[in-house]
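*Asks:* Please see the structure below; I have some questions.
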2 protein chains.
Amino acid sequence: MAMHPQAVIFDIGGVLLDGTRALPGAAGVLERLRERGLPFLLLTNTTRVCQADLLARLVGAGLEVRSDQLITPASMARDWLVAEGRTPMLLIHPGLHPDFPGWTHEDAADAVVVGDAGEGFGYAALNKAFRLLMHGAPLLSLSGSRYFSEGGELFLDAGPFVRLLEAAADARALEMGKPGERFFLHASARLGVPPERVLMIGDDVESDVLGARAAGLKAMLVRTGKYRPGDEARLPPGVRVVKDVEEAVEVFLDSLVPFGEG
Amino acid sequence: MAMHPQAVIFDIGGVLLDGTRALPGAAGVLERLRERGLPFLLLTNTTRVCQADLLARLVGAGLEVRSDQLITPASMARDWLVAEGRTPMLLIHPGLHPDFPGWTHEDAADAVVVGDAGEGFGYAALNKAFRLLMHGAPLLSLSGSRYFSEGGELFLDAGPFVRLLEAAADARALEMGKPGERFFLHASARLGVPPERVLMIGDDVESDVLGARAAGLKAMLVRTGKYRPGDEARLPPGVRVVKDVEEAVEVFLDSLVPFGEG
């Protein structure tokens, strides 16, 4: 029984939120966990919305979450930079700048953070980042995504620019988002629970379920959000598929009392 | 005896030319080959000097070469595009534009050529190239070089941008330069001689000798140009190291008459 999960990580989009609206049961499950004193976190891959704005969106949708319960690639990168005492050069979306307060002296940069910088990916900026890497600066990647679609057109996302800098400087990026192992281990440490005692609840087979499992966490797939019939075939054995976040948390709570009332 | 080389490919910089000056013996060896009616070509990786300018430089140095005897990555890319009936989007150094005459309607592009475009590597241009690749356009790489140095600073070269586009579109570039097999096979075909009957004479172990050998050609290393003592250790067995291009061609000519006068 010792291996039953004791803490929960939620994906946000498609699990707790649909756009800016809470999904059915989302507010209730967070309330139940809080009442039971069970630790939980929200983990999402956004590279355009800063932590404060995302928190406001969650609260606006009726989901009670504290800022230390919300981890994004940018918030993890910031925590990493603070812990390592490094100053970043930021190749990120303008929406993320509030996540990196106080680092205005880019001339002192000794780390490179790459997100979805769009027009910020010019030749001069890439050269500057490249030279920092050649001097031993670490490369922090906020996303491995290849591209995104906007207004019916495809645009290059952060991933290919991370590959460019890796190839140029013969370096390896530290991946700050899902499905990277580092992200899940960071979240587990924040929860104060070993990874094998943490349950990840998500709607994406690759980034949520397979990512969590590769990092040693438990995982459950919900049939909301980006779930599509047939996703089951891509799941590793032992991963349960449930209707929604409400059922997921019910199963989790039941597992806490395996010899319970029934 | 049938496997003795019958044709020669010369690298240019460090073998025939030092900057704009002919190296000792360079003019003479081309003259000797011409007198004997033996086919030869010049093969170089320049991504900033167009074929016509390079030809003028060779002739100005006293080296008699015809344009069809000079192959650069850009000239090979142009020949490939003509043969395939494709219109390129050009992400190249301005110096190379004369190599791609007549393709001014970039809106009709159905191929992407990537060289050392410098400031031409903007986000909008990279997106455009990426979208073409996603529609099945081939990606032609003029260089795999990671970076170059200019005025004491490092700058990103073509290679990392090729890697970016490959990663974004999940595509593989056609490498047009040394040490790519395609380049040596193209040159052998131009000479009208099977690769195993062609001798590559160069000063660079990787791009000249190992590249040529991987494509099935013979190879010889000269002790001029970028040659450094110790390069021998990186050579495959059977590759001869000679003083300069003059000795290289003497050895080649001697091999043509293995039961000669002596």
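We name chains A, B, ... following the order of the structure tokens; residues begin at 1 in each chain, and ligands are numbered from 1 as shown.
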Near Val49 in chain B, counting only C-alpha atoms, which residues have an atom at most 8 Å away, once you skip same-chain residues fewer than 3 positions from it, shown as a ChimeraX atom specification?
*Replies:* /B:46,53-54,95-96
*Asks:* Extract the full set of strand (DSSP E) residues from range 114-240 of chain B according to DSSP on the backbone, and format it as a PyMOL selection string.
*Replies:* chain B and resi 114+139-141+147-150+153-156+174-175+198-202+218-222+240
*Asks:* Find the spatial neighbours of Ala187 in chain A, counting only C-alpha atoms, within a cut-off of 10 Å - ignore same-chain residues fewer than 2 positions away - and output them as a CSV table (one decimal) with N, CA, C and O atoms, in the first residue's frame.
*Replies:*
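See part38.csv below for the written result:
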chain,number,residue,atom,x,y,z
A,8,VAL,N,-1.0,15.2,-5.8
A,8,VAL,CA,-1.5,15.3,-7.2
A,8,VAL,C,-0.9,16.5,-7.9
A,8,VAL,O,-0.8,17.5,-7.3
A,9,ILE,N,-0.6,16.2,-9.2
A,9,ILE,CA,-0.3,17.3,-10.1
A,9,ILE,C,-1.4,17.3,-11.2
A,9,ILE,O,-1.7,16.3,-11.8
A,40,PHE,N,-1.2,19.5,-3.6
A,40,PHE,CA,-1.4,19.4,-5.1
A,40,PHE,C,-0.7,20.6,-5.7
A,40,PHE,O,-0.5,21.6,-5.1
A,41,LEU,N,-0.5,20.5,-7.0
A,41,LEU,CA,0.1,21.5,-7.8
A,41,LEU,C,-0.5,21.5,-9.2
A,41,LEU,O,-1.1,20.5,-9.6
A,42,LEU,N,-0.4,22.7,-9.9
A,42,LEU,CA,-0.8,22.8,-11.3
A,42,LEU,C,0.4,23.0,-12.1
A,42,LEU,O,1.3,23.8,-11.8
A,43,LEU,N,0.5,22.2,-13.2
A,43,LEU,CA,1.7,22.2,-14.0
A,43,LEU,C,1.3,22.4,-15.5
A,43,LEU,O,0.6,21.6,-16.0
A,69,GLN,N,1.5,27.1,-5.9
A,69,GLN,CA,0.9,25.8,-6.4
A,69,GLN,C,0.9,25.8,-7.9
A,69,GLN,O,0.3,24.9,-8.5
A,70,LEU,N,1.4,26.8,-8.5
A,70,LEU,CA,1.3,26.9,-10.0
A,70,LEU,C,2.7,26.9,-10.6
A,70,LEU,O,3.5,27.9,-10.3
A,71,ILE,N,3.1,25.9,-11.3
A,71,ILE,CA,4.4,25.9,-11.9
A,71,ILE,C,4.3,25.9,-13.5
A,71,ILE,O,3.6,25.1,-14.1
A,72,THR,N,5.0,26.9,-14.0
A,72,THR,CA,5.2,27.0,-15.5
A,72,THR,C,6.6,26.8,-15.9
A,72,THR,O,7.5,27.0,-15.0
A,76,MET,N,9.8,27.8,-13.4
A,76,MET,CA,10.8,26.9,-13.0
A,76,MET,C,12.2,27.5,-13.4
A,76,MET,O,13.2,27.3,-12.7
A,182,ARG,N,13.0,16.8,-15.7
A,182,ARG,CA,13.3,17.8,-14.8
A,182,ARG,C,12.1,18.5,-14.2
A,182,ARG,O,12.0,18.9,-13.1
A,183,PHE,N,11.1,18.8,-15.1
A,183,PHE,CA,9.9,19.5,-14.7
A,183,PHE,C,9.1,18.7,-13.7
A,183,PHE,O,8.7,19.3,-12.7
A,184,PHE,N,8.9,17.4,-13.9
A,184,PHE,CA,8.1,16.6,-13.0
A,184,PHE,C,8.9,16.4,-11.7
A,184,PHE,O,8.2,16.4,-10.6
A,185,LEU,N,10.2,16.3,-11.7
A,185,LEU,CA,11.0,16.1,-10.5
A,185,LEU,C,10.9,17.4,-9.7
A,185,LEU,O,10.9,17.4,-8.4
A,189,ALA,N,9.4,17.6,-5.9
A,189,ALA,CA,10.2,18.2,-4.8
A,189,ALA,C,9.4,19.3,-4.1
A,189,ALA,O,9.4,19.4,-2.9
A,190,ARG,N,8.7,20.1,-4.9
A,190,ARG,CA,7.9,21.2,-4.4
A,190,ARG,C,6.8,20.6,-3.5
A,190,ARG,O,6.4,21.2,-2.5
A,191,LEU,N,6.2,19.5,-3.9
A,191,LEU,CA,5.2,18.9,-3.2
A,191,LEU,C,5.7,18.2,-1.9
A,191,LEU,O,4.9,17.9,-1.0
A,192,GLY,N,7.0,18.0,-1.8
A,192,GLY,CA,7.6,17.3,-0.7
A,192,GLY,C,7.3,15.8,-0.6
A,192,GLY,O,7.3,15.2,0.4
A,193,VAL,N,7.1,15.2,-1.8
A,193,VAL,CA,6.7,13.8,-1.9
A,193,VAL,C,7.6,13.2,-3.0
A,193,VAL,O,7.9,13.8,-4.0
A,195,PRO,N,8.7,11.1,-6.2
A,195,PRO,CA,8.0,11.1,-7.5
A,195,PRO,C,7.0,9.9,-7.6
A,195,PRO,O,5.9,10.0,-8.1
A,198,VAL,N,3.5,10.5,-6.4
A,198,VAL,CA,2.8,11.6,-7.0
A,198,VAL,C,1.9,11.1,-8.2
A,198,VAL,O,2.4,10.4,-9.0
*Asks:* Got a sec: who's within 10 Å of Leu165 in chain B, counting only C-alpha atoms, leaving out chain neighbours fewer than 2 positions off, as a PyMOL selection string?
*Replies:* (chain A and resi 146+156+160-161+163-164) or (chain B and resi 112+114+126-127+129-131+133-134+139+160-163+167-173)
*Asks:* Excluding Ala26 in chain A and residues on its chain fewer than 6 positions from it, collect all residues at most 9 Å away from it, counting only C-alpha atoms, and give them as a PDB file with N, CA, C and O atoms, in the first residue's frame.
*Replies:*
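Output below, filename around10.pdb:
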ATOM      1  N   VAL A  15      -8.124  20.000 -18.513  1.00  0.00           N
ATOM      2  CA  VAL A  15      -8.305  19.195 -17.295  1.00  0.00           C
ATOM      3  C   VAL A  15      -9.077  20.004 -16.250  1.00  0.00           C
ATOM      4  O   VAL A  15     -10.103  19.557 -15.729  1.00  0.00           O
ATOM      5  N   LEU A  16      -8.566  21.223 -15.955  1.00  0.00           N
ATOM      6  CA  LEU A  16      -9.237  22.103 -14.994  1.00  0.00           C
ATOM      7  C   LEU A  16      -9.960  23.253 -15.705  1.00  0.00           C
ATOM      8  O   LEU A  16     -11.004  23.717 -15.245  1.00  0.00           O
ATOM      9  N   LEU A  17      -9.363  23.720 -16.802  1.00  0.00           N
ATOM     10  CA  LEU A  17      -9.927  24.854 -17.527  1.00  0.00           C
ATOM     11  C   LEU A  17     -10.216  24.481 -18.970  1.00  0.00           C
ATOM     12  O   LEU A  17      -9.481  23.695 -19.573  1.00  0.00           O
ATOM     13  N   GLY A  62     -12.915  30.588 -10.653  1.00  0.00           N
ATOM     14  CA  GLY A  62     -13.425  29.975  -9.436  1.00  0.00           C
ATOM     15  C   GLY A  62     -12.530  28.883  -8.871  1.00  0.00           C
ATOM     16  O   GLY A  62     -12.949  28.130  -7.981  1.00  0.00           O
ATOM     17  N   LEU A  63     -11.297  28.794  -9.346  1.00  0.00           N
ATOM     18  CA  LEU A  63     -10.369  27.773  -8.842  1.00  0.00           C
ATOM     19  C   LEU A  63      -9.406  28.429  -7.860  1.00  0.00           C
ATOM     20  O   LEU A  63      -8.661  29.340  -8.212  1.00  0.00           O
ATOM     21  N   VAL A 245     -11.741  15.113 -14.488  1.00  0.00           N
ATOM     22  CA  VAL A 245     -10.901  15.369 -13.322  1.00  0.00           C
ATOM     23  C   VAL A 245     -11.614  14.965 -12.027  1.00  0.00           C
ATOM     24  O   VAL A 245     -10.972  14.574 -11.042  1.00  0.00           O
ATOM     25  N   GLU A 246     -12.931  15.040 -12.040  1.00  0.00           N
ATOM     26  CA  GLU A 246     -13.688  14.681 -10.836  1.00  0.00           C
ATOM     27  C   GLU A 246     -13.521  13.188 -10.541  1.00  0.00           C
ATOM     28  O   GLU A 246     -13.227  12.789  -9.410  1.00  0.00           O
TER      29      GLU A 246
END
*Asks:* Find the spatial neighbours of Trp103 in chain A, counting only C-alpha atoms, within a cut-off of 10 Å - ignore same-chain residues fewer than 4 positions away - and output them as a PyMOL selection string.
*Replies:* chain A and resi 86-90+97+108-109
*Asks:* Generate a file of the selected residues that holds N, CA and C atoms, formatted as a PDB file, in the first residue's frame.
*Replies:*
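Result file out.pdb:
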ATOM      1  N   ARG A  86      22.387  33.033 -11.427  1.00  0.00           N
ATOM      2  CA  ARG A  86      22.702  33.395 -12.819  1.00  0.00           C
ATOM      3  C   ARG A  86      21.766  34.484 -13.335  1.00  0.00           C
ATOM      4  N   THR A  87      22.289  35.268 -14.272  1.00  0.00           N
ATOM      5  CA  THR A  87      21.528  36.346 -14.907  1.00  0.00           C
ATOM      6  C   THR A  87      21.191  35.928 -16.337  1.00  0.00           C
ATOM      7  N   PRO A  88      19.908  35.956 -16.694  1.00  0.00           N
ATOM      8  CA  PRO A  88      19.538  35.423 -18.008  1.00  0.00           C
ATOM      9  C   PRO A  88      19.547  36.445 -19.139  1.00  0.00           C
ATOM     10  N   MET A  89      19.927  35.975 -20.334  1.00  0.00           N
ATOM     11  CA  MET A  89      19.514  36.638 -21.555  1.00  0.00           C
ATOM     12  C   MET A  89      18.189  35.976 -21.933  1.00  0.00           C
ATOM     13  N   LEU A  90      17.155  36.780 -22.155  1.00  0.00           N
ATOM     14  CA  LEU A  90      15.801  36.253 -22.335  1.00  0.00           C
ATOM     15  C   LEU A  90      15.367  36.318 -23.792  1.00  0.00           C
ATOM     16  N   HIS A  97       7.652  38.339 -19.550  1.00  0.00           N
ATOM     17  CA  HIS A  97       8.640  39.175 -18.852  1.00  0.00           C
ATOM     18  C   HIS A  97       8.353  39.361 -17.354  1.00  0.00           C
ATOM     19  N   ALA A 108      25.196  41.580 -18.340  1.00  0.00           N
ATOM     20  CA  ALA A 108      25.850  40.688 -17.384  1.00  0.00           C
ATOM     21  C   ALA A 108      25.355  39.251 -17.522  1.00  0.00           C
ATOM     22  N   ALA A 109      24.631  38.954 -18.616  1.00  0.00           N
ATOM     23  CA  ALA A 109      24.011  37.633 -18.746  1.00  0.00           C
ATOM     24  C   ALA A 109      25.045  36.518 -18.746  1.00  0.00           C
TER      25      ALA A 109
END
*Asks:* Would you pick out the contacts of Phe100 in chain B at 10 Å or less, using only C-alpha atoms, so that residues sharing its chain but fewer than 5 positions from it are not included, and give the list as a list in words?
*Replies:*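 In the requested format, the answer is Cys50, Ala74, Ser75, Ala77, Arg78, Asp79, Leu81, Thr87, Pro88 and Leu90 of chain B.
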*Asks:* With distances taken over only C-alpha atoms, which of A:His186, A:Met176, A:Leu253, A:Asp204 is nearest to Gly37 in chain A?
*Replies:*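 Checking each candidate against Gly37 in chain A, we get A:Leu253 as the closest.
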*Asks:* Hey, could you make a per-residue contact list for range 114-220 of chain A against range 226-229 of chain A with 12 Å as the cut-off, showing the nearest pair of atoms and its distance in Å to one decimal, counting only C-alpha atoms, sorted by chain and number, as a tab-separated table?
*Replies:*
residue	atom	partner	partner_atom	distance
A:Gly202	CA	A:Tyr227	CA	9.1
A:Asp203	CA	A:Tyr227	CA	5.4
A:Asp204	CA	A:Lys226	CA	6.5
A:Val205	CA	A:Tyr227	CA	8.1
A:Glu206	CA	A:Tyr227	CA	11.1
A:Ser207	CA	A:Lys226	CA	11.6
A:Asp208	CA	A:Tyr227	CA	11.4
A:Val209	CA	A:Tyr227	CA	11.7
A:Met220	CA	A:Tyr227	CA	11.9
*Asks:* Can those selected residues be exported to a file as a CSV table (one decimal), in the first residue's frame so that it contains N, CA, C and O atoms?
*Replies:*
chain,number,residue,atom,x,y,z
A,202,GLY,N,-3.8,14.3,-16.4
A,202,GLY,CA,-3.7,15.1,-17.7
A,202,GLY,C,-4.5,14.6,-18.8
A,202,GLY,O,-5.1,13.5,-18.7
A,203,ASP,N,-4.6,15.4,-19.9
A,203,ASP,CA,-5.3,15.0,-21.0
A,203,ASP,C,-4.5,14.7,-22.3
A,203,ASP,O,-5.0,14.5,-23.3
A,204,ASP,N,-3.1,14.8,-22.1
A,204,ASP,CA,-2.2,14.6,-23.2
A,204,ASP,C,-1.3,13.4,-22.9
A,204,ASP,O,-0.6,13.4,-22.0
A,205,VAL,N,-1.4,12.4,-23.8
A,205,VAL,CA,-0.7,11.2,-23.6
A,205,VAL,C,0.8,11.4,-23.5
A,205,VAL,O,1.5,11.0,-22.6
A,206,GLU,N,1.3,12.2,-24.5
A,206,GLU,CA,2.8,12.4,-24.5
A,206,GLU,C,3.3,13.2,-23.3
A,206,GLU,O,4.1,12.8,-22.5
A,207,SER,N,2.8,14.5,-23.3
A,207,SER,CA,3.5,15.4,-22.4
A,207,SER,C,3.0,15.1,-20.9
A,207,SER,O,3.8,15.3,-20.0
A,208,ASP,N,1.8,14.7,-20.7
A,208,ASP,CA,1.4,14.5,-19.3
A,208,ASP,C,1.7,13.1,-18.9
A,208,ASP,O,2.4,12.9,-17.9
A,209,VAL,N,1.1,12.1,-19.6
A,209,VAL,CA,1.2,10.7,-19.1
A,209,VAL,C,2.6,10.1,-19.3
A,209,VAL,O,3.2,9.7,-18.3
A,220,MET,N,-2.7,9.4,-14.8
A,220,MET,CA,-4.0,9.1,-15.1
A,220,MET,C,-4.4,10.0,-16.3
A,220,MET,O,-4.1,11.2,-16.3
